[in-house]
file final-v4.tsv (TSV, C-alpha atoms and all ligand atoms)
chain	number	residue	atom	x	y	z
Z	234	MET	CA	-10.32	31.24	37.51
Z	235	PRO	CA	-8.90	32.03	34.02
Z	236	LEU	CA	-5.23	31.37	33.65
Z	237	TRP	CA	-4.23	34.95	32.91
Z	238	THR	CA	-5.74	36.49	36.09
Z	239	PRO	CA	-2.79	36.08	38.46
Z	240	VAL	CA	-0.47	37.43	35.79
Z	241	ARG	CA	-2.68	40.47	35.29
Z	242	ARG	CA	-2.94	40.96	39.03
Z	243	HIS	CA	0.78	40.70	39.39
Z	244	PHE	CA	1.28	43.21	36.58
Z	245	ALA	CA	-1.26	45.60	38.10
Z	246	HIS	CA	0.55	45.37	41.41
Z	247	PHE	CA	3.86	45.98	39.68
Z	248	VAL	CA	2.73	49.14	37.88
Z	249	SER	CA	0.97	50.64	40.88
Z	250	ARG	CA	3.83	49.92	43.30
Z	251	PRO	CA	5.75	52.99	44.49
Z	252	LEU	CA	9.28	53.33	43.12
Z	253	ARG	CA	11.81	51.22	45.03
Z	254	THR	CA	13.77	53.35	47.45
Z	255	ILE	CA	15.75	50.57	49.09
Z	256	GLU	CA	19.11	50.13	47.44
Z	257	SER	CA	20.24	46.62	46.54
Z	258	PRO	CA	23.71	45.47	47.70
Z	259	LYS	CA	24.90	45.61	44.08
Z	260	GLN	CA	23.65	49.17	43.60
Z	261	ARG	CA	25.34	50.16	46.82
Z	262	ALA	CA	28.65	48.60	45.82
Z	263	ARG	CA	28.40	50.37	42.43
Z	264	ARG	CA	27.62	53.72	44.07
Z	265	MET	CA	30.65	53.37	46.33
Z	266	ALA	CA	32.91	52.32	43.47
Z	267	ALA	CA	31.90	55.49	41.58
Z	268	LEU	CA	33.29	57.73	44.35
Z	269	PRO	CA	36.89	59.05	44.10
Z	270	ASN	CA	39.43	56.65	45.60
Z	271	GLU	CA	41.50	59.37	47.24
Z	272	TYR	CA	41.07	62.17	49.73
Z	273	LYS	CA	43.78	64.76	50.12
Z	274	ASP	CA	43.26	65.98	53.70
Z	275	SER	CA	43.90	64.17	56.95
Z	276	VAL	CA	40.78	62.70	58.51
Z	277	ARG	CA	40.87	62.77	62.31
Z	278	ILE	CA	37.54	61.20	63.29
Z	279	ALA	CA	36.18	57.80	62.33
Z	280	VAL	CA	32.94	55.97	63.01
Z	281	ILE	CA	32.98	52.17	62.97
Z	282	GLY	CA	29.50	50.87	62.28
Z	283	GLY	CA	28.38	47.46	63.47
Z	284	THR	CA	25.26	45.35	63.19
Z	285	GLY	CA	22.47	47.36	61.59
Z	286	LEU	CA	24.72	50.35	60.94
Z	287	LYS	CA	26.44	49.61	57.63
Z	288	GLU	CA	26.30	53.22	56.52
Z	289	LEU	CA	25.78	56.67	57.95
Z	290	PRO	CA	22.91	58.12	55.95
Z	291	GLY	CA	22.40	61.85	55.83
Z	292	PHE	CA	26.06	62.75	55.31
Z	293	THR	CA	27.66	63.65	52.00
Z	294	GLN	CA	29.93	60.88	50.72
Z	295	VAL	CA	32.99	62.38	49.06
Z	296	ALA	CA	35.38	59.44	48.67
Z	297	SER	CA	35.66	55.70	49.10
Z	298	LEU	CA	39.18	54.54	49.95
Z	299	ASP	CA	40.42	51.07	49.11
Z	300	ILE	CA	43.42	50.62	51.40
Z	301	THR	CA	45.73	47.63	51.79
Z	302	THR	CA	47.76	47.47	55.00
Z	303	PRO	CA	50.60	45.15	56.06
Z	304	TRP	CA	47.84	43.29	57.97
Z	305	GLY	CA	45.63	42.90	54.91
Z	306	LYS	CA	42.52	44.73	53.77
Z	307	PRO	CA	39.98	46.33	56.10
Z	308	SER	CA	36.42	45.00	56.45
Z	309	SER	CA	35.14	47.40	53.80
Z	310	PRO	CA	36.27	50.38	51.79
Z	311	ILE	CA	36.58	53.42	54.05
Z	312	THR	CA	34.02	56.02	53.11
Z	313	ILE	CA	34.88	59.66	53.69
Z	314	LEU	CA	31.86	61.74	54.58
Z	315	HIS	CA	31.50	65.44	54.96
Z	316	HIS	CA	29.72	66.35	58.14
Z	317	LYS	CA	28.48	69.94	58.21
Z	318	CYS	CA	29.12	71.12	61.75
Z	319	SER	CA	25.93	72.81	62.93
Z	320	THR	CA	27.80	75.39	65.03
Z	321	SER	CA	30.65	76.42	62.73
Z	322	GLY	CA	29.03	75.50	59.40
Z	323	LYS	CA	32.37	73.94	58.42
Z	324	ASP	CA	32.53	70.66	56.51
Z	325	VAL	CA	34.37	68.18	58.72
Z	326	PRO	CA	35.65	64.97	57.10
Z	327	VAL	CA	34.70	61.78	58.89
Z	328	ALA	CA	35.78	58.25	57.97
Z	329	PHE	CA	33.22	55.47	58.10
Z	330	LEU	CA	34.02	51.76	58.19
Z	331	SER	CA	31.54	48.91	58.27
Z	332	ARG	CA	32.93	46.32	60.74
Z	333	HIS	CA	31.12	43.31	59.29
Z	334	GLY	CA	31.63	44.30	55.64
Z	335	LEU	CA	29.29	45.94	53.14
Z	336	HIS	CA	26.85	43.03	53.27
Z	337	HIS	CA	27.43	41.79	56.83
Z	338	GLU	CA	29.50	38.91	55.50
Z	339	ILE	CA	32.25	39.03	58.16
Z	340	ALA	CA	31.61	37.15	61.44
Z	341	PRO	CA	32.77	38.75	64.70
Z	342	HIS	CA	35.80	36.42	64.95
Z	343	GLU	CA	36.76	37.16	61.33
Z	344	VAL	CA	36.78	40.97	61.55
Z	345	PRO	CA	40.23	42.09	60.32
Z	346	SER	CA	40.67	44.49	63.22
Z	347	ARG	CA	44.40	45.07	62.71
Z	348	ALA	CA	43.80	46.10	59.10
Z	349	ASN	CA	40.82	48.24	60.15
Z	350	ILE	CA	42.71	50.14	62.82
Z	351	ALA	CA	45.93	50.44	60.78
Z	352	ALA	CA	44.03	51.70	57.71
Z	353	LEU	CA	42.18	54.31	59.77
Z	354	ARG	CA	45.40	55.50	61.40
Z	355	SER	CA	47.08	55.72	58.00
Z	356	ILE	CA	44.59	58.35	56.84
Z	357	GLY	CA	45.10	60.40	60.00
Z	358	VAL	CA	42.38	59.06	62.31
Z	359	ARG	CA	43.06	59.66	66.00
Z	360	THR	CA	39.54	59.28	67.44
Z	361	ILE	CA	37.16	56.40	66.83
Z	362	ILE	CA	33.51	56.25	67.80
Z	363	ALA	CA	32.54	52.59	67.51
Z	364	PHE	CA	28.94	51.48	67.40
Z	365	SER	CA	27.71	48.13	68.69
Z	366	ALA	CA	24.43	46.28	69.15
Z	367	VAL	CA	24.55	44.67	72.59
Z	368	GLY	CA	22.50	42.38	74.81
Z	369	SER	CA	21.49	43.78	78.17
Z	370	LEU	CA	22.55	41.91	81.31
Z	371	GLN	CA	20.68	44.23	83.67
Z	372	GLU	CA	16.97	44.86	84.15
Z	373	HIS	CA	17.34	48.67	84.10
Z	374	ILE	CA	19.09	48.65	80.70
Z	375	LYS	CA	16.11	48.20	78.42
Z	376	PRO	CA	16.18	47.32	74.73
Z	377	ARG	CA	16.88	50.50	72.69
Z	378	ASP	CA	18.70	52.20	75.60
Z	379	PHE	CA	22.21	53.47	74.87
Z	380	VAL	CA	25.20	52.67	77.09
Z	381	VAL	CA	28.62	54.34	77.09
Z	382	PRO	CA	30.73	51.55	78.63
Z	383	ASP	CA	33.78	52.32	80.73
Z	384	GLN	CA	35.05	48.78	81.31
Z	385	VAL	CA	35.29	45.54	79.41
Z	386	ILE	CA	35.78	41.89	80.35
Z	387	ASP	CA	37.52	39.83	77.68
Z	388	ARG	CA	35.69	36.59	76.97
Z	389	THR	CA	37.13	36.12	73.48
Z	390	LYS	CA	39.08	32.90	73.12
Z	391	GLY	CA	42.46	34.07	71.82
Z	392	ILE	CA	41.72	33.10	68.22
Z	393	ARG	CA	41.59	36.69	66.95
Z	394	PRO	CA	44.85	38.47	66.14
Z	395	PHE	CA	44.99	41.06	68.93
Z	396	THR	CA	48.28	42.97	68.77
Z	397	PHE	CA	50.56	44.87	66.41
Z	398	PHE	CA	53.55	43.99	68.58
Z	399	GLU	CA	54.76	40.47	67.87
Z	400	GLY	CA	57.20	38.62	65.65
Z	401	GLY	CA	60.23	40.43	67.02
Z	402	ALA	CA	59.01	43.68	68.56
Z	403	VAL	CA	57.43	43.53	72.02
Z	404	ALA	CA	55.47	46.41	73.56
Z	405	HIS	CA	53.00	46.63	76.44
Z	406	VAL	CA	50.52	49.49	76.52
Z	407	GLY	CA	48.26	50.31	79.46
Z	408	PHE	CA	44.67	49.08	79.16
Z	409	ALA	CA	43.35	49.58	82.70
Z	410	ASP	CA	40.72	51.91	81.28
Z	411	PRO	CA	39.94	50.39	77.90
Z	412	PHE	CA	37.89	53.33	76.61
Z	413	ASP	CA	38.89	56.95	76.24
Z	414	GLU	CA	37.51	58.96	79.13
Z	415	LYS	CA	37.98	62.32	77.36
Z	416	VAL	CA	35.94	61.19	74.36
Z	417	ALA	CA	33.47	59.42	76.66
Z	418	LYS	CA	32.70	62.71	78.45
Z	419	ILE	CA	31.80	64.34	75.15
Z	420	VAL	CA	29.71	61.35	74.06
Z	421	ARG	CA	27.79	61.30	77.36
Z	422	ALA	CA	27.04	65.02	77.18
Z	423	CYS	CA	25.71	64.61	73.63
Z	424	GLY	CA	23.58	61.63	74.61
Z	425	HIS	CA	22.10	63.51	77.56
Z	426	SER	CA	21.29	66.49	75.35
Z	427	LEU	CA	18.97	64.17	73.37
Z	428	GLU	CA	17.27	62.72	76.42
Z	429	GLY	CA	13.54	63.20	76.61
Z	430	ASP	CA	13.62	63.06	72.86
Z	431	GLY	CA	13.57	59.28	72.74
Z	432	VAL	CA	17.16	58.71	73.79
Z	433	VAL	CA	17.86	56.93	77.09
Z	434	LEU	CA	21.51	56.87	78.07
Z	435	HIS	CA	23.43	54.97	80.73
Z	436	ASP	CA	26.69	56.77	81.49
Z	437	ARG	CA	28.80	53.77	82.41
Z	438	GLY	CA	28.79	50.03	82.24
Z	439	THR	CA	30.91	46.91	82.04
Z	440	LEU	CA	30.83	45.32	78.63
Z	441	ILE	CA	31.40	41.59	78.29
Z	442	CYS	CA	33.00	40.80	74.94
Z	443	MET	CA	32.34	37.14	74.12
Z	444	GLU	CA	33.69	35.07	71.25
Z	445	GLY	CA	30.49	34.04	69.47
Z	446	PRO	CA	29.22	33.72	66.85
Z	447	GLN	CA	26.76	31.59	68.86
Z	448	PHE	CA	24.97	33.49	71.61
Z	449	SER	CA	25.68	32.66	75.28
Z	450	THR	CA	24.25	29.80	77.27
Z	451	ARG	CA	21.89	30.73	80.12
Z	452	ALA	CA	24.57	29.66	82.65
Z	453	GLU	CA	27.10	32.00	81.00
Z	454	SER	CA	24.60	34.84	80.86
Z	455	ASN	CA	23.92	34.46	84.60
Z	456	LEU	CA	27.64	34.17	85.34
Z	457	TYR	CA	28.30	37.47	83.54
Z	458	ARG	CA	25.52	39.08	85.58
Z	459	SER	CA	27.14	37.82	88.77
Z	460	TRP	CA	30.42	39.43	87.62
Z	461	GLY	CA	28.68	42.78	87.34
Z	462	GLY	CA	28.42	42.78	83.55
Z	463	SER	CA	26.05	45.40	82.17
Z	464	VAL	CA	25.94	44.54	78.47
Z	465	ILE	CA	27.36	41.91	76.11
Z	466	ASN	CA	28.63	41.89	72.54
Z	467	MET	CA	31.12	40.07	70.28
Z	468	SER	CA	33.00	42.98	68.73
Z	469	CYS	CA	34.69	45.31	71.16
Z	470	LEU	CA	37.86	43.24	71.34
Z	471	PRO	CA	40.47	43.27	69.96
Z	472	GLU	CA	39.26	46.51	68.30
Z	473	ALA	CA	39.70	48.60	71.47
Z	474	LYS	CA	43.09	47.02	72.28
Z	475	LEU	CA	44.44	47.69	68.81
Z	476	ALA	CA	43.20	51.27	68.86
Z	477	ARG	CA	45.10	51.78	72.13
Z	478	GLU	CA	48.24	50.30	70.56
Z	479	ALA	CA	47.80	52.64	67.60
Z	480	GLU	CA	47.48	55.65	69.98
Z	481	ILE	CA	43.91	56.27	68.85
Z	482	ALA	CA	41.28	57.49	71.33
Z	483	TYR	CA	38.50	54.90	71.18
Z	484	GLN	CA	35.01	54.94	72.64
Z	485	MET	CA	32.25	52.47	72.00
Z	486	ILE	CA	28.58	53.47	72.01
Z	487	CYS	CA	26.38	50.47	72.71
Z	488	MET	CA	22.73	50.15	71.86
Z	489	SER	CA	20.85	47.49	73.76
Z	490	THR	CA	18.76	45.24	71.53
Z	491	ASP	CA	17.72	42.35	73.81
Z	492	TYR	CA	17.97	40.80	77.29
Z	493	ASP	CA	20.25	38.00	76.10
Z	494	CYS	CA	18.83	34.80	77.67
Z	495	TRP	CA	18.90	35.37	81.45
Z	496	ARG	CA	15.50	37.07	81.89
Z	497	GLU	CA	12.73	34.58	82.47
Z	498	SER	CA	9.85	36.75	81.31
Z	499	THR	CA	11.48	37.62	77.95
Z	500	GLU	CA	12.25	35.50	74.91
Z	501	ASP	CA	15.87	34.52	74.36
Z	502	VAL	CA	17.87	36.71	72.00
Z	503	THR	CA	17.54	36.13	68.25
Z	504	VAL	CA	19.06	37.96	65.29
Z	505	GLU	CA	15.55	39.09	64.35
Z	506	MET	CA	15.20	40.75	67.75
Z	507	VAL	CA	18.57	42.48	67.43
Z	508	MET	CA	17.88	43.74	63.90
Z	509	GLY	CA	14.33	44.78	64.74
Z	510	ASN	CA	15.39	46.97	67.65
Z	511	MET	CA	18.36	48.39	65.72
Z	512	LYS	CA	16.03	49.33	62.87
Z	513	ALA	CA	13.39	50.79	65.17
Z	514	ASN	CA	15.97	52.95	66.90
Z	515	ALA	CA	18.07	53.83	63.84
Z	516	ALA	CA	16.89	57.44	63.79
Z	517	ASN	CA	18.03	57.92	67.40
Z	518	ALA	CA	21.37	56.28	66.65
Z	519	ARG	CA	21.86	58.69	63.72
Z	520	ARG	CA	20.91	61.72	65.82
Z	521	PHE	CA	23.30	60.57	68.51
Z	522	VAL	CA	26.22	60.17	66.06
Z	523	SER	CA	25.44	63.53	64.49
Z	524	ALA	CA	25.49	65.27	67.85
Z	525	VAL	CA	28.79	63.59	68.75
Z	526	LEU	CA	30.38	64.56	65.42
Z	527	ASP	CA	29.14	68.13	65.84
Z	528	THR	CA	30.76	68.43	69.23
Z	529	LEU	CA	33.98	66.65	68.29
Z	530	SER	CA	34.30	69.10	65.36
Z	531	LEU	CA	34.59	72.08	67.69
Z	532	ASP	CA	38.05	73.67	67.86
Z	533	ALA	CA	37.87	73.42	71.66
Z	534	HIS	CA	38.15	69.63	71.36
Z	535	ALA	CA	40.98	69.55	68.83
Z	536	ASP	CA	43.56	68.16	71.28
Z	537	THR	CA	41.22	65.38	72.39
Z	538	VAL	CA	40.28	64.49	68.82
Z	539	ASN	CA	43.98	64.48	67.85
Z	540	ALA	CA	44.59	62.15	70.84
Z	541	LYS	CA	47.41	64.35	72.07
Z	542	HIS	CA	47.07	62.60	75.44
Z	543	LEU	CA	48.08	59.28	73.86
Z	544	GLU	CA	50.89	60.54	71.67
Z	545	GLY	CA	54.20	58.82	72.41
Z	546	SER	CA	52.70	56.19	74.71
Z	547	VAL	CA	53.81	53.27	72.54
Z	548	LYS	CA	57.44	54.36	72.54
Z	549	PHE	CA	57.41	54.05	76.31
Z	550	GLY	CA	55.76	50.65	76.25
Z	551	LEU	CA	58.45	49.17	74.03
Z	552	SER	CA	60.49	46.31	75.45
Z	553	THR	CA	62.50	45.59	72.29
Z	554	PRO	CA	65.01	48.24	71.20
Z	555	VAL	CA	64.30	49.51	67.71
Z	556	THR	CA	67.84	48.50	66.76
Z	557	GLN	CA	66.83	44.87	67.34
Z	558	TRP	CA	63.72	44.91	65.15
Z	559	ASN	CA	63.93	42.52	62.23
Z	560	PRO	CA	63.31	43.90	58.73
Z	561	GLU	CA	59.75	42.57	58.53
Z	562	VAL	CA	58.73	44.08	61.87
Z	563	LYS	CA	60.48	47.32	60.96
Z	564	LYS	CA	58.50	47.54	57.74
Z	565	LYS	CA	55.17	46.88	59.42
Z	566	LEU	CA	55.65	49.16	62.39
Z	567	ASP	CA	57.06	51.91	60.23
Z	568	TRP	CA	53.86	51.71	58.18
Z	569	LEU	CA	51.77	52.11	61.34
Z	570	PHE	CA	54.01	54.77	62.93
Z	571	PRO	CA	55.91	56.51	60.13
Z	572	GLY	CA	59.37	57.26	61.50
Z	573	ALA	CA	59.25	54.48	64.11
Z	574	GLN	CA	62.59	53.16	62.85
Z	575	ASN	CA	64.17	56.27	64.25
Z	576	TRP	CA	62.58	56.20	67.67
Z	577	SER	CA	65.27	57.01	70.16
Z	578	LEU	CA	63.34	57.59	73.36
Z	579	PHE	CA	63.50	53.91	74.21
Z	580	LYS	CA	67.27	54.23	74.44
Z	581	TYR	CA	66.84	57.43	76.39
Z	582	ARG	CA	64.57	55.76	78.92
Z	583	GLN	CA	66.82	52.71	79.28
Z	584	GLU	CA	69.96	54.74	79.72
Z	585	TYR	CA	68.70	57.53	81.92
Z	586	GLY	CA	65.70	55.94	83.66
Z	587	VAL	CA	63.65	59.10	83.08
Z	588	ASP	CA	60.12	59.65	84.28
Z	589	THR	CA	58.21	58.61	81.17
Z	590	GLN	CA	55.38	61.13	81.36
Z	591	SER	CA	57.64	64.14	81.75
Z	592	ALA	CA	59.80	62.74	78.96
Z	593	ILE	CA	56.75	62.59	76.69
Z	594	ARG	CA	56.00	66.21	77.49
Z	595	SER	CA	59.54	67.48	77.11
Z	596	THR	CA	60.49	65.53	74.00
Z	597	SER	CA	57.20	65.35	72.12
Z	598	GLN	CA	59.06	66.37	68.94
Z	599	ASP	CA	61.52	63.50	69.23
J	601	LIG	C1	23.55	40.11	65.06
J	601	LIG	S1	23.66	39.82	66.77
J	601	LIG	C2	25.36	39.62	67.21
J	601	LIG	C3	26.30	40.66	66.63
J	601	LIG	O1	25.74	41.97	66.92
J	601	LIG	C4	26.77	42.75	67.48
J	601	LIG	O2	27.48	43.32	66.41
J	601	LIG	P1	28.24	44.73	66.49
J	601	LIG	O3	28.97	44.76	67.80
J	601	LIG	O4	29.17	44.75	65.34
J	601	LIG	O5	27.19	45.79	66.41
J	601	LIG	C5	27.57	41.72	68.27
J	601	LIG	O6	28.82	42.19	68.69
J	601	LIG	C6	27.63	40.57	67.33
J	601	LIG	O7	28.69	40.72	66.41
J	602	LIG	N1	22.75	38.94	73.45
J	602	LIG	C1	23.81	39.28	72.75
J	602	LIG	N2	24.99	38.61	72.91
J	602	LIG	C2	26.07	38.96	72.20
J	602	LIG	N3	26.08	39.94	71.29
J	602	LIG	C3	24.96	40.62	71.10
J	602	LIG	N4	24.64	41.64	70.28
J	602	LIG	C4	23.36	41.96	70.47
J	602	LIG	N5	22.80	41.16	71.40
J	602	LIG	C5	23.77	40.32	71.80
call {"tool": "encode", "arguments": {"input": "final-v4.tsv", "output": "structure tokens"}}
result
Amino acid sequence: MPLWTPVRRHFAHFVSRPLRTIESPKQRARRMAALPNEYKDSVRIAVIGGTGLKELPGFTQVASLDITTPWGKPSSPITILHHKCSTSGKDVPVAFLSRHGLHHEIAPHEVPSRANIAALRSIGVRTIIAFSAVGSLQEHIKPRDFVVPDQVIDRTKGIRPFTFFEGGAVAHVGFADPFDEKVAKIVRACGHSLEGDGVVLHDRGTLICMEGPQFSTRAESNLYRSWGGSVINMSCLPEAKLAREAEIAYQMICMSTDYDCWRESTEDVTVEMVMGNMKANAANARRFVSAVLDTLSLDAHADTVNAKHLEGSVKFGLSTPVTQWNPEVKKKLDWLFPGAQNWSLFKYRQEYGVDTQSAIRSTSQD
């Protein structure tokens, strides 16, 4: 074969190849950097994307915010998207954050969840829809099915920073129901509206959040099944805990990508399997998010989206009087809750022993 043939073949292939439509990481970073770095309105709703969901295509990107919090920088710049609500026609701003970074360079145990949650709250976010690729621990939850979990079992190992309240300010918030039931109801209704159209939804489930980054052993996988676990991931915690501490309504939407390693007739989970199923079901995931954003944008859900039901809960979970906060804690918590330095309800509760819920209602302006 003459020497030049492969070159010519290669060139012929090059010229006849369709134009590249897949963006390189560099191009993507450049495109984001070209967006304005500020957005003047409050953004109430955020989507946190996980494995296989680094962006929300199909929405207009209007800004890319580079925020530094007292807990460091978030996983990625926060993109502000305009979602055109299909019922009202209004443009609703939505924040998008990629949990594992722009190039999936952040491992589950390295995700800066405090910075992520604090940065989202700082731009006004009060409702988070978090996406996650999960392994199924139950036969009836098939790969590509969606699950809206209502419980979580913490199998992380305590190596991830998991609270805003430490170093001199102690608070304990309720976490009996780790997800937001009001948001969950909306998410479930949206998921069901897409059923029959390729979307299969399980209304409830117990999520096991393991440490990783290695997948589980078979013994662990079977143990979790015996505990009643429905699905497993590595990313729900401390994200959900921190959202609760920040008085943000948080609901995770899980998409099953594999049967982990407990099912004898199926191959053990691999990254290839996870990515393959995420990719194959990406259109459904997008339709699901779109439907959820559409519904959350309705005026009828404004109180839920603004997390009115969580407002003031941290004040009542405080164990350390604000007057005792050290300057560093004061600075951090005042960043998270502007005006926290002046919280007086703690004193009120201590002195008068009031019923906390009625105090929240009667002094919501405090
Ligand atoms: C790539 S498989 C393990 C990885 O996938 C899930 O990511 P995410 O929850 O962010 O969608 C899981 O939690 C692990 O981080
Ligand atoms: N089997 C699995 N275990 C933990 N996280 C996962 N994410 C997707 N599949 C998973």
call {"tool": "axis_aligned_box", "arguments": {"input": "final-v4.tsv", "around": "ligand LIG 601 (chain J)", "padding_each_side": "8 Å", "output": "lines of an AutoDock Vina configuration file"}}
result
center_x = 26.4
center_y = 42.7
center_z = 66.9
size_x = 21.6
size_y = 22.2
size_z = 19.6
call {"tool": "atom_distance", "arguments": {"input": "final-v4.tsv", "atom1": "CA of Pro345 (chain Z)", "atom2": "CA of Ile313 (chain Z)"}}
result
19.5 Å
call {"tool": "closest_atom_pairs", "arguments": {"input": "final-v4.tsv", "of": "chain Z", "to": "ligand LIG 602 (chain J)", "cutoff": "9 Å", "atoms": "all atoms listed in the file", "output": "Markdown table"}}
result
| residue | atom | partner | partner_atom | distance |
| --- | --- | --- | --- | --- |
| Z:Thr284 | CA | J:LIG602 | N4 | 8.0 |
| Z:Ser365 | CA | J:LIG602 | N4 | 7.4 |
| Z:Ala366 | CA | J:LIG602 | C4 | 4.6 |
| Z:Val367 | CA | J:LIG602 | C4 | 3.6 |
| Z:Gly368 | CA | J:LIG602 | N5 | 3.6 |
| Z:Ser369 | CA | J:LIG602 | N1 | 6.9 |
| Z:Leu370 | CA | J:LIG602 | N1 | 8.4 |
| Z:Ile441 | CA | J:LIG602 | C2 | 8.5 |
| Z:Cys442 | CA | J:LIG602 | C2 | 7.7 |
| Z:Met443 | CA | J:LIG602 | C2 | 6.8 |
| Z:Glu444 | CA | J:LIG602 | C2 | 8.6 |
| Z:Gly445 | CA | J:LIG602 | C2 | 7.2 |
| Z:Pro446 | CA | J:LIG602 | C2 | 8.1 |
| Z:Gln447 | CA | J:LIG602 | C2 | 8.1 |
| Z:Phe448 | CA | J:LIG602 | N2 | 5.3 |
| Z:Ser449 | CA | J:LIG602 | N2 | 6.4 |
| Z:Ser454 | CA | J:LIG602 | N1 | 8.7 |
| Z:Val464 | CA | J:LIG602 | C1 | 8.1 |
| Z:Ile465 | CA | J:LIG602 | C2 | 5.1 |
| Z:Asn466 | CA | J:LIG602 | N3 | 3.4 |
| Z:Met467 | CA | J:LIG602 | N3 | 5.1 |
| Z:Ser468 | CA | J:LIG602 | N3 | 8.0 |
| Z:Met488 | CA | J:LIG602 | C4 | 8.3 |
| Z:Ser489 | CA | J:LIG602 | C4 | 6.9 |
| Z:Thr490 | CA | J:LIG602 | N5 | 5.7 |
| Z:Asp491 | CA | J:LIG602 | N5 | 5.7 |
| Z:Tyr492 | CA | J:LIG602 | N1 | 6.4 |
| Z:Asp493 | CA | J:LIG602 | N1 | 3.8 |
| Z:Cys494 | CA | J:LIG602 | N1 | 7.1 |
| Z:Asp501 | CA | J:LIG602 | N1 | 8.2 |
| Z:Val502 | CA | J:LIG602 | N1 | 5.6 |
| Z:Thr503 | CA | J:LIG602 | N1 | 7.9 |
| Z:Val504 | CA | J:LIG602 | C4 | 7.8 |
| Z:Met506 | CA | J:LIG602 | N5 | 8.4 |
| Z:Val507 | CA | J:LIG602 | C4 | 5.7 |
| Z:Met508 | CA | J:LIG602 | C4 | 8.7 |
call {"tool": "closest_residue", "arguments": {"input": "final-v4.tsv", "among": "Z:Val385, Z:Leu286, Z:Ile481, Z:Ala422", "to": "His336 (chain Z)", "atoms": "all atoms listed in the file"}}
result
Z:Leu286
call {"tool": "closest_residue", "arguments": {"input": "final-v4.tsv", "among": "Z:Ala351, Z:Val276, Z:Leu566, Z:Val344", "to": "ligand LIG 601 (chain J)", "atoms": "all atoms listed in the file"}}
result
Z:Val344
call {"tool": "atom_distance", "arguments": {"input": "final-v4.tsv", "atom1": "CA of Phe398 (chain Z)", "atom2": "CA of Pro411 (chain Z)"}}
result
17.7 Å
call {"tool": "atom_distance", "arguments": {"input": "final-v4.tsv", "atom1": "CA of Val403 (chain Z)", "atom2": "atom O3 of ligand LIG 601 (chain J)"}}
result
28.8 Å
call {"tool": "residues_around", "arguments": {"input": "final-v4.tsv", "residues": "Gly407 (chain Z)", "least_positions_apart": "6", "cutoff": "12 Å", "atoms": "all atoms listed in the file", "output": "ChimeraX atom specification"}}
result
/Z:413,473-478,480,543,546-547,549-551
call {"tool": "closest_residue", "arguments": {"input": "final-v4.tsv", "among": "Z:Tyr483, Z:Trp568, Z:Phe395, Z:Phe408", "to": "Val280 (chain Z)", "atoms": "all atoms listed in the file"}}
result
Z:Tyr483
call {"tool": "closest_residue", "arguments": {"input": "final-v4.tsv", "among": "Z:Asp299, Z:Glu472, Z:Asp436, Z:Glu372", "to": "Pro269 (chain Z)", "atoms": "only C-alpha atoms"}}
result
Z:Asp299
call {"tool": "closest_residue", "arguments": {"input": "final-v4.tsv", "among": "Z:Lys375, Z:Gln294, Z:Ala328, Z:Phe412", "to": "Asp274 (chain Z)", "atoms": "only C-alpha atoms"}}
result
Z:Ala328
call {"tool": "closest_residue", "arguments": {"input": "final-v4.tsv", "among": "Z:Glu256, Z:Asp567, Z:Glu505, Z:Glu497", "to": "ligand LIG 601 (chain J)", "atoms": "only C-alpha atoms and all ligand atoms"}}
result
Z:Glu505
call {"tool": "residues_around", "arguments": {"input": "final-v4.tsv", "residues": "Ser346 (chain Z)", "least_positions_apart": "3", "cutoff": "7 Å", "atoms": "only C-alpha atoms", "output": "ChimeraX atom specification"}}
result
/Z:349-350,471-472
